[in-house]
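Novice: Below is the file target-v2.cif, with mmCIF, C-alpha atoms.
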```cif
data_entry
loop_
_atom_site.label_atom_id
_atom_site.label_comp_id
_atom_site.auth_asym_id
_atom_site.auth_seq_id
_atom_site.Cartn_x
_atom_site.Cartn_y
_atom_site.Cartn_z
CA MET A 1 76.15 90.15 74.34
CA GLU A 2 73.73 90.30 77.27
CA LEU A 3 75.51 89.58 80.50
CA PRO A 4 72.60 88.01 82.41
CA ALA A 5 72.00 85.57 79.58
CA LEU A 6 75.43 84.11 80.20
CA LEU A 7 74.72 83.35 83.82
CA THR A 8 71.55 81.32 83.56
CA PRO A 9 72.75 78.14 81.86
CA THR A 10 73.33 75.46 84.48
CA ALA A 11 76.24 74.12 82.44
CA LEU A 12 78.41 77.00 83.65
CA GLN A 13 77.25 76.50 87.24
CA SER A 14 78.16 72.83 87.29
CA TRP A 15 81.73 73.49 86.12
CA ILE A 16 82.87 77.01 87.09
CA GLN A 17 83.43 78.39 90.59
CA PRO A 18 80.69 80.83 91.67
CA HIS A 19 82.71 84.07 91.89
CA TYR A 20 83.69 83.75 88.22
CA ARG A 21 79.99 83.82 87.33
CA THR A 22 79.02 87.05 89.11
CA PRO A 23 78.16 89.94 86.75
CA ASN A 24 80.48 92.40 88.49
CA TYR A 25 83.47 90.12 88.39
CA MET A 26 82.87 89.20 84.76
CA ARG A 27 82.74 92.89 83.86
CA GLN A 28 86.02 93.39 85.75
CA LEU A 29 87.68 90.54 83.87
CA ARG A 30 86.51 91.97 80.56
CA ILE A 31 88.06 95.36 81.38
CA GLN A 32 91.20 93.79 82.85
CA PHE A 33 91.82 91.57 79.82
CA VAL A 34 92.20 94.33 77.26
CA LYS A 35 94.39 96.43 79.57
CA GLN A 36 96.92 93.72 80.42
CA GLN A 37 100.55 94.04 79.43
CA PRO A 38 102.47 92.92 77.48
CA PHE A 39 99.32 91.83 75.58
CA PRO A 40 95.76 90.84 76.54
CA TYR A 41 95.74 87.83 78.88
CA LEU A 42 94.05 86.52 82.02
CA GLU A 43 95.25 84.23 84.78
CA LEU A 44 92.24 82.72 86.60
CA PRO A 45 93.18 80.65 89.69
CA ASP A 46 90.77 78.03 91.13
CA PHE A 47 88.63 78.37 88.04
CA PHE A 48 86.77 75.06 87.93
CA HIS A 49 85.17 73.24 90.87
CA PHE A 50 87.91 71.40 92.73
CA GLU A 51 86.25 67.96 92.40
CA LYS A 52 86.05 68.44 88.63
CA ALA A 53 89.73 69.40 88.48
CA VAL A 54 90.70 66.25 90.39
CA GLU A 55 88.62 64.07 88.04
CA ILE A 56 90.16 65.73 84.98
CA VAL A 57 93.76 65.33 86.12
CA LYS A 58 93.20 61.65 86.94
CA ALA A 59 91.61 61.08 83.53
CA LEU A 60 94.31 62.98 81.64
CA THR A 61 97.14 61.01 83.23
CA GLU A 62 95.61 57.86 81.74
CA GLU A 63 95.87 59.21 78.20
CA LEU A 64 98.79 58.36 75.92
CA PHE A 65 101.35 61.16 75.70
CA GLU A 66 103.63 60.99 72.65
CA PRO A 67 107.00 62.77 72.48
CA LYS A 68 106.93 65.78 70.14
CA GLU A 69 110.15 67.31 68.91
CA ALA A 70 111.11 69.99 66.40
CA ASP A 71 113.43 72.97 66.26
CA LEU A 72 110.87 74.98 68.26
CA PHE A 73 109.92 72.48 70.98
CA GLN A 74 110.41 69.31 72.95
CA PHE A 75 107.53 67.99 75.10
CA LYS A 76 104.88 65.24 75.23
CA GLN A 77 101.33 65.58 73.95
CA THR A 78 98.11 63.59 73.65
CA ALA A 79 96.01 63.44 70.54
CA ASP A 80 93.26 66.04 70.33
CA LEU A 81 90.69 65.14 72.95
CA ARG A 82 87.91 64.92 70.36
CA SER A 83 89.20 61.37 69.84
CA THR A 84 89.45 60.36 73.51
CA GLN A 85 87.52 57.36 74.80
CA ASN A 86 87.56 58.70 78.37
CA GLN A 87 84.10 59.93 79.35
CA ILE A 88 85.34 62.53 81.83
CA LEU A 89 87.58 64.11 79.21
CA GLN A 90 84.84 63.85 76.57
CA SER A 91 82.47 65.65 78.93
CA PHE A 92 85.06 68.34 79.73
CA ARG A 93 85.90 68.92 76.08
CA LYS A 94 82.19 69.11 75.26
CA PHE A 95 81.79 71.75 77.94
CA LEU A 96 84.78 73.82 76.73
CA ALA A 97 83.37 73.75 73.18
CA SER A 98 79.79 74.48 74.30
CA THR A 99 77.84 77.59 73.30
CA GLU A 100 77.61 78.53 76.98
CA PHE A 101 81.34 78.43 77.67
CA THR A 102 82.47 79.95 74.38
CA SER A 103 79.98 82.77 75.02
CA TYR A 104 81.49 83.25 78.47
CA ILE A 105 85.05 83.40 77.06
CA SER A 106 83.85 85.62 74.20
CA TYR A 107 82.39 88.06 76.75
CA ILE A 108 85.42 88.33 79.04
CA THR A 109 87.81 88.64 76.09
CA SER A 110 85.60 90.87 73.91
CA THR A 111 85.92 88.45 70.99
CA THR A 112 83.43 86.47 68.93
CA LEU A 113 84.28 82.80 69.27
CA LYS A 114 82.66 79.91 67.45
CA PRO A 115 81.22 77.18 69.63
CA ARG A 116 82.33 73.60 68.86
CA HIS A 117 85.41 74.96 67.07
CA LEU A 118 87.99 74.11 69.71
CA ASP A 119 91.44 72.49 69.85
CA ALA A 120 92.23 70.66 73.09
CA SER A 121 95.07 68.32 73.94
CA GLY A 122 97.04 67.31 76.99
CA THR A 123 100.65 68.51 77.26
CA LEU A 124 103.34 67.25 79.57
CA TYR A 125 106.68 68.95 80.11
CA GLU A 126 109.39 67.21 82.11
CA ASP A 127 113.06 67.90 82.80
CA THR A 128 114.67 69.72 79.77
CA ASP A 129 111.35 70.07 77.87
CA TYR A 130 110.58 73.51 76.38
CA LEU A 131 108.64 75.49 73.79
CA LEU A 132 110.60 78.38 72.27
CA CYS A 133 109.31 81.86 71.47
CA HIS A 134 106.50 82.11 68.88
CA ASP A 135 103.18 83.94 68.39
CA ASP A 136 100.67 81.06 67.84
CA ARG A 137 99.20 82.74 64.75
CA LEU A 138 97.63 80.21 62.46
CA ASP A 139 94.32 80.16 60.57
CA THR A 140 91.43 81.24 62.83
CA ARG A 141 93.07 80.81 66.22
CA THR A 142 91.78 83.64 68.40
CA ILE A 143 92.17 82.78 72.10
CA ALA A 144 94.92 80.45 73.33
CA TYR A 145 94.14 78.76 76.63
CA PHE A 146 96.06 76.67 79.16
CA TYR A 147 94.38 74.76 81.97
CA TYR A 148 97.08 73.82 84.49
CA LEU A 149 96.76 70.45 86.18
CA SER A 150 99.97 70.50 88.20
CA SER A 151 101.71 73.14 90.30
CA LEU A 152 105.30 74.23 89.81
CA GLU A 153 107.59 76.46 91.82
CA LYS A 154 109.31 79.38 90.10
CA ASN A 155 112.68 77.61 90.33
CA ASP A 156 111.32 74.54 88.51
CA GLY A 157 111.15 76.44 85.21
CA GLY A 158 108.16 75.66 82.98
CA GLY A 159 106.67 79.14 83.30
CA LEU A 160 104.59 80.62 80.51
CA ASN A 161 106.59 83.71 79.54
CA LEU A 162 104.75 86.50 77.71
CA PHE A 163 107.05 88.83 75.77
CA GLU A 164 107.09 92.58 75.31
CA CYS A 165 107.57 93.60 71.70
CA LYS A 166 109.37 96.43 69.98
CA ASN A 167 108.35 96.95 66.34
CA SER A 168 106.55 93.57 66.48
CA VAL A 169 109.75 91.80 67.52
CA PRO A 170 109.81 90.09 70.97
CA VAL A 171 112.53 91.66 73.09
CA ARG A 172 112.07 90.77 76.78
CA ILE A 173 109.83 88.85 79.11
CA GLY A 174 106.96 91.05 80.27
CA LYS A 175 105.07 88.56 82.42
CA THR A 176 105.63 85.01 83.70
CA ILE A 177 102.71 82.76 84.61
CA THR A 178 103.91 79.94 86.87
CA PRO A 179 101.58 76.94 86.56
CA VAL A 180 99.28 76.36 89.56
CA PHE A 181 96.81 73.49 89.71
CA ASN A 182 93.30 74.40 88.54
CA THR A 183 94.35 77.74 87.02
CA LEU A 184 92.97 78.72 83.62
CA ALA A 185 95.21 81.10 81.67
CA LEU A 186 94.33 82.56 78.29
CA PHE A 187 95.55 85.22 75.88
CA LEU A 188 94.58 86.90 72.64
CA VAL A 189 96.44 85.52 69.62
CA SER A 190 97.88 88.39 67.57
CA LYS A 191 101.04 89.56 65.84
CA HIS A 192 102.22 90.65 69.31
CA SER A 193 101.38 87.48 71.30
CA PHE A 194 104.93 86.14 71.52
CA HIS A 195 105.32 83.60 74.29
CA GLU A 196 107.30 80.54 75.32
CA VAL A 197 107.21 77.74 77.85
CA ALA A 198 110.53 78.06 79.67
CA GLU A 199 112.61 74.92 79.96
CA VAL A 200 111.70 72.70 82.92
CA VAL A 201 114.91 72.46 84.95
CA ARG A 202 113.93 70.10 87.78
CA ASP A 203 112.58 66.59 88.00
CA VAL A 204 108.92 67.73 87.98
CA GLN A 205 105.91 67.28 85.72
CA ARG A 206 104.12 70.23 84.16
CA LEU A 207 100.74 68.86 83.12
CA ALA A 208 98.17 70.95 81.30
CA LEU A 209 95.28 70.84 78.91
CA SER A 210 95.62 73.49 76.23
CA GLY A 211 94.57 74.63 72.79
CA TRP A 212 92.69 77.40 71.05
CA PHE A 213 89.25 78.90 70.64
CA HIS A 214 88.56 80.05 67.08
CA ASP A 215 86.51 82.82 65.53
CA MET B 1 147.93 64.45 42.86
CA PHE B 2 147.44 66.27 46.13
CA SER B 3 151.08 66.88 47.06
CA ALA B 4 151.29 69.62 44.40
CA TRP B 5 149.08 71.95 46.40
CA LEU B 6 150.31 71.39 49.92
CA SER B 7 151.09 74.60 51.81
CA ALA B 8 154.61 75.23 53.01
CA GLY B 9 154.94 73.31 56.27
CA GLY B 10 152.56 70.57 55.11
CA SER B 11 148.82 70.13 55.04
CA MET B 12 146.60 71.18 57.90
CA ILE B 13 144.06 68.64 56.75
CA ASN B 14 144.66 65.08 57.95
CA ASP B 15 146.76 63.09 55.48
CA ILE B 16 144.10 60.39 55.00
CA TYR B 17 141.91 62.93 53.19
CA LEU B 18 144.65 63.57 50.66
CA SER B 19 144.06 60.17 49.09
CA ALA B 20 142.47 60.20 45.62
CA THR B 21 140.50 57.02 46.42
CA LEU B 22 138.94 58.50 49.51
CA ASN B 23 138.26 61.73 47.69
CA GLU B 24 136.20 59.82 45.12
CA LYS B 25 134.22 58.11 47.90
CA ILE B 26 133.45 61.45 49.54
CA LYS B 27 132.38 62.89 46.18
CA LYS B 28 129.90 60.04 45.72
CA GLU B 29 128.40 60.76 49.16
CA LEU B 30 127.85 64.37 48.08
CA GLN B 31 126.01 63.22 44.99
CA LYS B 32 123.47 61.02 46.84
CA LYS B 33 119.83 61.84 46.26
CA GLU B 34 118.82 61.45 49.90
CA PHE B 35 120.66 63.94 52.12
CA PRO B 36 123.82 64.48 50.02
CA SER B 37 126.49 64.95 52.68
CA ALA B 38 129.82 63.69 53.93
CA THR B 39 131.13 63.53 57.49
CA LEU B 40 134.91 63.49 57.88
CA PHE B 41 136.26 62.40 61.28
CA HIS B 42 139.69 63.55 62.55
CA PHE B 43 139.62 66.16 59.80
CA LEU B 44 142.49 68.38 60.94
CA ASP B 45 145.94 67.19 61.90
CA GLU B 46 146.74 67.29 65.59
CA GLU B 47 149.04 70.32 65.41
CA THR B 48 146.48 72.46 63.59
CA TYR B 49 143.67 71.39 65.90
CA THR B 50 145.74 72.20 69.00
CA LYS B 51 146.62 75.65 67.62
CA ILE B 52 142.94 76.38 66.98
CA GLN B 53 141.97 75.34 70.52
CA ALA B 54 144.55 77.75 71.94
CA GLU B 55 143.22 80.57 69.73
CA LEU B 56 139.65 79.90 70.80
CA LEU B 57 140.58 80.67 74.41
CA ARG B 58 141.54 84.18 73.30
CA THR B 59 138.58 84.75 70.96
CA TYR B 60 135.89 87.23 71.89
CA PHE B 61 132.42 85.93 71.03
CA ARG B 62 129.70 88.54 70.59
CA PRO B 63 126.24 87.47 71.84
CA GLU B 64 123.48 87.65 69.24
CA GLN B 65 119.82 87.02 69.85
CA LEU B 66 116.65 87.29 67.80
CA LEU B 67 114.23 85.16 69.80
CA THR B 68 112.20 84.05 66.78
CA SER B 69 115.33 82.93 64.93
CA HIS B 70 118.41 82.30 67.06
CA SER B 71 120.44 82.78 70.20
CA TYR B 72 124.23 82.26 70.22
CA ALA B 73 127.54 84.10 70.35
CA THR B 74 129.65 84.53 67.24
CA ALA B 75 133.15 85.61 66.17
CA GLU B 76 135.34 85.98 63.12
CA LEU B 77 137.47 82.96 62.28
CA SER B 78 140.66 82.72 64.31
CA PRO B 79 144.01 83.13 62.45
CA THR B 80 144.62 79.40 61.98
CA LEU B 81 141.05 78.78 60.84
CA ASN B 82 141.38 81.63 58.36
CA LYS B 83 144.64 80.16 57.14
CA LEU B 84 142.95 76.75 56.80
CA PHE B 85 140.01 77.94 54.70
CA LEU B 86 142.21 80.17 52.53
CA SER B 87 144.91 77.53 52.08
CA PRO B 88 145.63 76.03 48.64
CA GLU B 89 145.03 72.50 49.96
CA CYS B 90 141.64 73.37 51.37
CA LYS B 91 140.61 75.11 48.16
CA GLU B 92 141.82 72.17 46.08
CA PHE B 93 140.18 69.68 48.45
CA ILE B 94 136.81 71.41 48.18
CA SER B 95 137.21 72.05 44.47
CA SER B 96 137.85 68.35 43.82
CA LEU B 97 134.81 67.31 45.89
CA LEU B 98 132.40 69.76 44.29
CA ASP B 99 133.87 69.70 40.78
CA THR B 100 134.13 73.45 40.70
CA ALA B 101 137.06 75.83 40.82
CA ALA B 102 134.96 78.92 41.35
CA PHE B 103 133.60 79.17 44.87
CA LYS B 104 133.69 81.29 47.97
CA ILE B 105 133.68 80.14 51.59
CA ASN B 106 131.75 82.29 54.08
CA ALA B 107 132.19 80.98 57.60
CA ARG B 108 132.19 82.18 61.19
CA LEU B 109 132.79 80.77 64.65
CA TYR B 110 129.72 80.04 66.75
CA ARG B 111 129.46 79.39 70.46
CA PHE B 112 126.31 77.80 71.90
CA GLY B 113 125.64 77.54 75.63
CA TRP B 114 122.62 76.92 77.84
CA LYS B 115 119.43 78.39 76.27
CA ASP B 116 121.07 78.89 72.85
CA TYR B 117 119.64 77.53 69.60
CA THR B 118 118.78 78.30 66.00
CA LEU B 119 115.39 77.76 64.34
CA VAL B 120 114.71 76.73 60.77
CA SER B 121 114.43 79.69 58.50
CA ASN B 122 110.91 80.58 57.42
CA ASP B 123 111.96 82.26 54.23
CA SER B 124 110.97 80.55 51.02
CA LEU B 125 114.09 81.50 49.11
CA PRO B 126 115.81 78.62 47.35
CA LYS B 127 118.70 77.24 49.37
CA LEU B 128 121.88 77.35 47.34
CA GLY B 129 125.38 76.26 48.09
CA VAL B 130 126.98 73.77 50.43
CA ASP B 131 126.85 73.94 54.24
CA ILE B 132 130.03 73.29 56.19
CA ILE B 133 130.27 72.53 59.89
CA LEU B 134 133.54 71.97 61.78
CA ASN B 135 133.17 70.80 65.40
CA LEU B 136 135.66 72.26 67.83
CA THR B 137 134.35 71.10 71.24
CA GLU B 138 135.94 68.22 73.11
CA ALA B 139 133.59 65.59 74.55
CA TRP B 140 130.24 67.33 73.90
CA ASN B 141 127.41 65.27 75.41
CA GLU B 142 124.47 65.14 73.01
CA ASP B 143 122.10 64.80 76.00
CA PHE B 144 122.75 68.53 76.50
CA GLY B 145 121.17 69.29 73.10
CA GLY B 146 123.13 71.54 70.75
CA VAL B 147 123.06 68.93 67.98
CA VAL B 148 123.11 70.25 64.42
CA ARG B 149 120.09 68.77 62.69
CA TYR B 150 118.52 68.84 59.29
CA LYS B 151 114.75 68.55 58.95
CA ASP B 152 113.24 67.23 55.73
CA THR B 153 109.84 68.05 54.27
CA ALA B 154 108.28 64.99 55.98
CA GLY B 155 109.43 66.26 59.39
CA ASN B 156 112.18 63.62 59.80
CA PHE B 157 115.47 64.63 61.40
CA ILE B 158 119.03 63.86 60.46
CA SER B 159 121.47 64.64 63.27
CA LEU B 160 125.13 65.40 62.61
CA PRO B 161 127.74 63.88 64.92
CA ALA B 162 128.98 66.18 67.69
CA GLN B 163 132.48 64.74 68.14
CA SER B 164 135.39 67.16 68.01
CA ASN B 165 137.44 67.64 64.84
CA VAL B 166 134.61 66.38 62.64
CA PHE B 167 134.00 68.25 59.40
CA THR B 168 130.62 67.84 57.70
CA ILE B 169 129.66 69.02 54.21
CA VAL B 170 125.97 69.11 53.25
CA ARG B 171 124.55 70.04 49.85
CA ALA B 172 121.79 72.51 50.68
CA SER B 173 118.39 72.25 49.01
CA ASN B 174 114.78 73.31 49.50
CA ARG B 175 113.99 69.84 50.82
CA ILE B 176 116.08 70.15 53.99
CA GLN B 177 116.43 72.86 56.64
CA GLN B 178 119.21 73.20 59.22
CA PHE B 179 118.85 74.08 62.88
CA VAL B 180 120.88 73.78 66.07
CA GLN B 181 118.90 72.05 68.83
CA TYR B 182 118.23 74.06 71.99
CA ILE B 183 120.89 73.51 74.67
CA ASN B 184 119.36 72.50 78.02
CA HIS B 185 120.36 73.24 81.60
CA HIS B 186 122.43 70.05 81.98
CA ALA B 187 125.11 71.75 79.88
CA LYS B 188 125.60 74.16 82.81
CA LYS B 189 128.58 76.35 81.78
CA ARG B 190 129.81 74.12 78.95
CA LYS B 191 129.85 75.60 75.45
CA ARG B 192 129.55 74.00 72.03
CA LEU B 193 131.98 75.60 69.58
CA MET B 194 131.71 75.21 65.82
CA VAL B 195 132.66 76.78 62.56
CA MET B 196 129.54 77.06 60.42
CA GLY B 197 129.29 78.48 56.96
CA LYS B 198 128.50 78.13 53.34
CA ILE B 199 130.38 77.41 50.16
CA ARG B 200 128.82 79.11 47.15
#
```
Could I get this file's structure written as structure tokens?

Specialist:
Amino acid sequence: MELPALLTPTALQSWIQPHYRTPNYMRQLRIQFVKQQPFPYLELPDFFHFEKAVEIVKALTEELFEPKEADLFQFKQTADLRSTQNQILQSFRKFLASTEFTSYISYITSTTLKPRHLDASGTLYEDTDYLLCHDDRLDTRTIAYFYYLSSLEKNDGGGLNLFECKNSVPVRIGKTITPVFNTLALFLVSKHSFHEVAEVVRDVQRLALSGWFHD
Amino acid sequence: MFSAWLSAGGSMINDIYLSATLNEKIKKELQKKEFPSATLFHFLDEETYTKIQAELLRTYFRPEQLLTSHSYATAELSPTLNKLFLSPECKEFISSLLDTAAFKINARLYRFGWKDYTLVSNDSLPKLGVDIILNLTEAWNEDFGGVVRYKDTAGNFISLPAQSNVFTIVRASNRIQQFVQYINHHAKKRKRLMVMGKIR
């Protein structure tokens, strides 16, 4: 994929902070992604323009979050945003699923992602909510992403823990990503991509928009 | 009918469960189509229950963790629990409920604390046998989690009571899967103790 071709569309410029669109930095991210341990991931702080982030968080908090519970998890979630009536969220989802943005993510992750094939829903974790260890593998899921819309302290819990594996079995936490407002985190879905959302242990709200890009 | 098989020193199981009428009622519960199970409150007599509690204080529980399956600590049955499950009255009690004389009980002690859980098994093997769960924790608050649940194929949950000295029998099948709900931080240092096992 030609790098300059990714930088011309104005769609990227109107959403993404400038330094994430420079050729050198994009090349660095591409190299960094594949080298990360315990498996390929990126943590991109201040990713979108601040005004956009504020609009998105306000819009998302107006959506209906339903409790979701199973053996593996307990949290609250919206329906997939393809069904939202909110224009700000519709516009954001359209951008995430666009050819321009999927090409950008494809480049920095060295994958081939299909535009318009995107899952996106709001998630809310509060006191005692959690998502236990699993690898996300299902169908054509290729890149899992999390766009954080609230900030937590380490002691609040709610961190995204990425696990080291031994013989494809998760054994210990290799990296913790603590949610910070307007940070985009993503990782490559594979037989090694074991992760969890640690239990939230304080009276805080961990708000995010997350889902998967598909190949 | 039941006095013939009482152990020397009397039954460890509460007298009310030695009644033929109640036994028939429990049998019917185990033959239901929807979630065949029976929950027996105050299952053990007070003396037996007190002995078990004292033994639990001296029991070493070995931590076990496979993150994609479970996290808990486990131990062999204590002497009184062993005596209970090997006793003639227990064997006769179970035999009369399940209409079978030929069975084996495999059970262990489990201790669940903060961050412990089990997940439903992903294997597609047919589920045979009968699950047994005996609660041994006083005053467990279900807001801490740690509830034993069964999930059916539609994703609905059935939660078992968490009161102490409650014995639950569940006929296993491919339509339901057991798990122990994650225990949250409000449990602090409290532990949920249970005997869990299978009758085959």

Novice: Considering all atoms listed in the file, can you say which of B:Arg200, B:Arg171, B:Arg190, B:His70 comes closest to chain A?

Specialist: B:His70

Novice: Running the PyMOL selection byres ((chain B and resi 165) around 12) on this model by hand, what would come out? Give it as a VMD selection string.

Specialist: chain B and resid 13 to 14 39 to 50 52 to 53 133 to 140 161 to 164 166 to 168 193 to 195

Novice: Extract, using all atoms listed in the file, all DNA, RNA and protein residues at most 10 Å from segment 18-33 of chain A, discarding same-chain residues fewer than 5 positions from it, and format them as a ChimeraX atom specification.

Specialist: /A:3-4,6-8,12-13,39-44,46-49,104-110,186-188

Novice: Deliver the residues from the most recent selection as a file, using C-alpha atoms, as a tab-separated table (two decimals), keeping the file's coordinate frame.

Specialist:
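Final file, selection-v9.tsv:
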```
chain	number	residue	atom	x	y	z
A	3	LEU	CA	75.51	89.58	80.50
A	4	PRO	CA	72.60	88.01	82.41
A	6	LEU	CA	75.43	84.11	80.20
A	7	LEU	CA	74.72	83.35	83.82
A	8	THR	CA	71.55	81.32	83.56
A	12	LEU	CA	78.41	77.00	83.65
A	13	GLN	CA	77.25	76.50	87.24
A	39	PHE	CA	99.32	91.83	75.58
A	40	PRO	CA	95.76	90.84	76.54
A	41	TYR	CA	95.74	87.83	78.88
A	42	LEU	CA	94.05	86.52	82.02
A	43	GLU	CA	95.25	84.23	84.78
A	44	LEU	CA	92.24	82.72	86.60
A	46	ASP	CA	90.77	78.03	91.13
A	47	PHE	CA	88.63	78.37	88.04
A	48	PHE	CA	86.77	75.06	87.93
A	49	HIS	CA	85.17	73.24	90.87
A	104	TYR	CA	81.49	83.25	78.47
A	105	ILE	CA	85.05	83.40	77.06
A	106	SER	CA	83.85	85.62	74.20
A	107	TYR	CA	82.39	88.06	76.75
A	108	ILE	CA	85.42	88.33	79.04
A	109	THR	CA	87.81	88.64	76.09
A	110	SER	CA	85.60	90.87	73.91
A	186	LEU	CA	94.33	82.56	78.29
A	187	PHE	CA	95.55	85.22	75.88
A	188	LEU	CA	94.58	86.90	72.64
```

Novice: Suppose you want the space between atom CA of Thr183 of chain A and atom CA of Pro170 of chain A; what is it in Å?

Specialist: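 Separation between atom CA of Thr183 of chain A and atom CA of Pro170 of chain A: 25.5 Å.
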
Novice: Restrict the distance test to all atoms listed in the file, flag each residue of chain B within 6 Å of chain A, and return the flagged residues as a PyMOL selection string.

Specialist: chain B and resi 68+119+184

Novice: What's around Thr78 of chain A at 8 Å? Count only C-alpha atoms, leave out sequence neighbours fewer than 4 positions away in its own chain, and write the answer as a list in words.

Specialist: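 With the cut-off at 8 Å, the set is Glu63, Leu64, Phe65, Glu66, Ser121, Gly122 and Thr123 of chain A.
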
Novice: Counting all atoms listed in the file, what is within 8 Å of Val180 of chain B, bar same-chain residues fewer than 6 positions away, as a ChimeraX atom specification?

Specialist: /A:71 /B:117-119,146-149

Novice: Check which residues satisfy the PyMOL selection byres ((chain A and resi 120) around 6) in the file shown, then give them as an MDAnalysis selection string.

Specialist: chainID A and resid 80:81 119 121 210:211

Novice: Could you pull out every residue with an atom within 9 Å of (92.9, 77.0, 71.1), file coordinates, counting all atoms listed in the file, and send them as a list in words?

Specialist: His117, Leu118, Asp119, Ala120, Arg141, Thr142, Ile143, Ala144, Tyr145, Phe146, Ser210, Gly211, Trp212, Phe213 and His214 of chain A

Novice: In Å, how far is it from atom CA of Tyr125 of chain A to atom CA of Phe75 of chain A?

Specialist: 5.2 Å
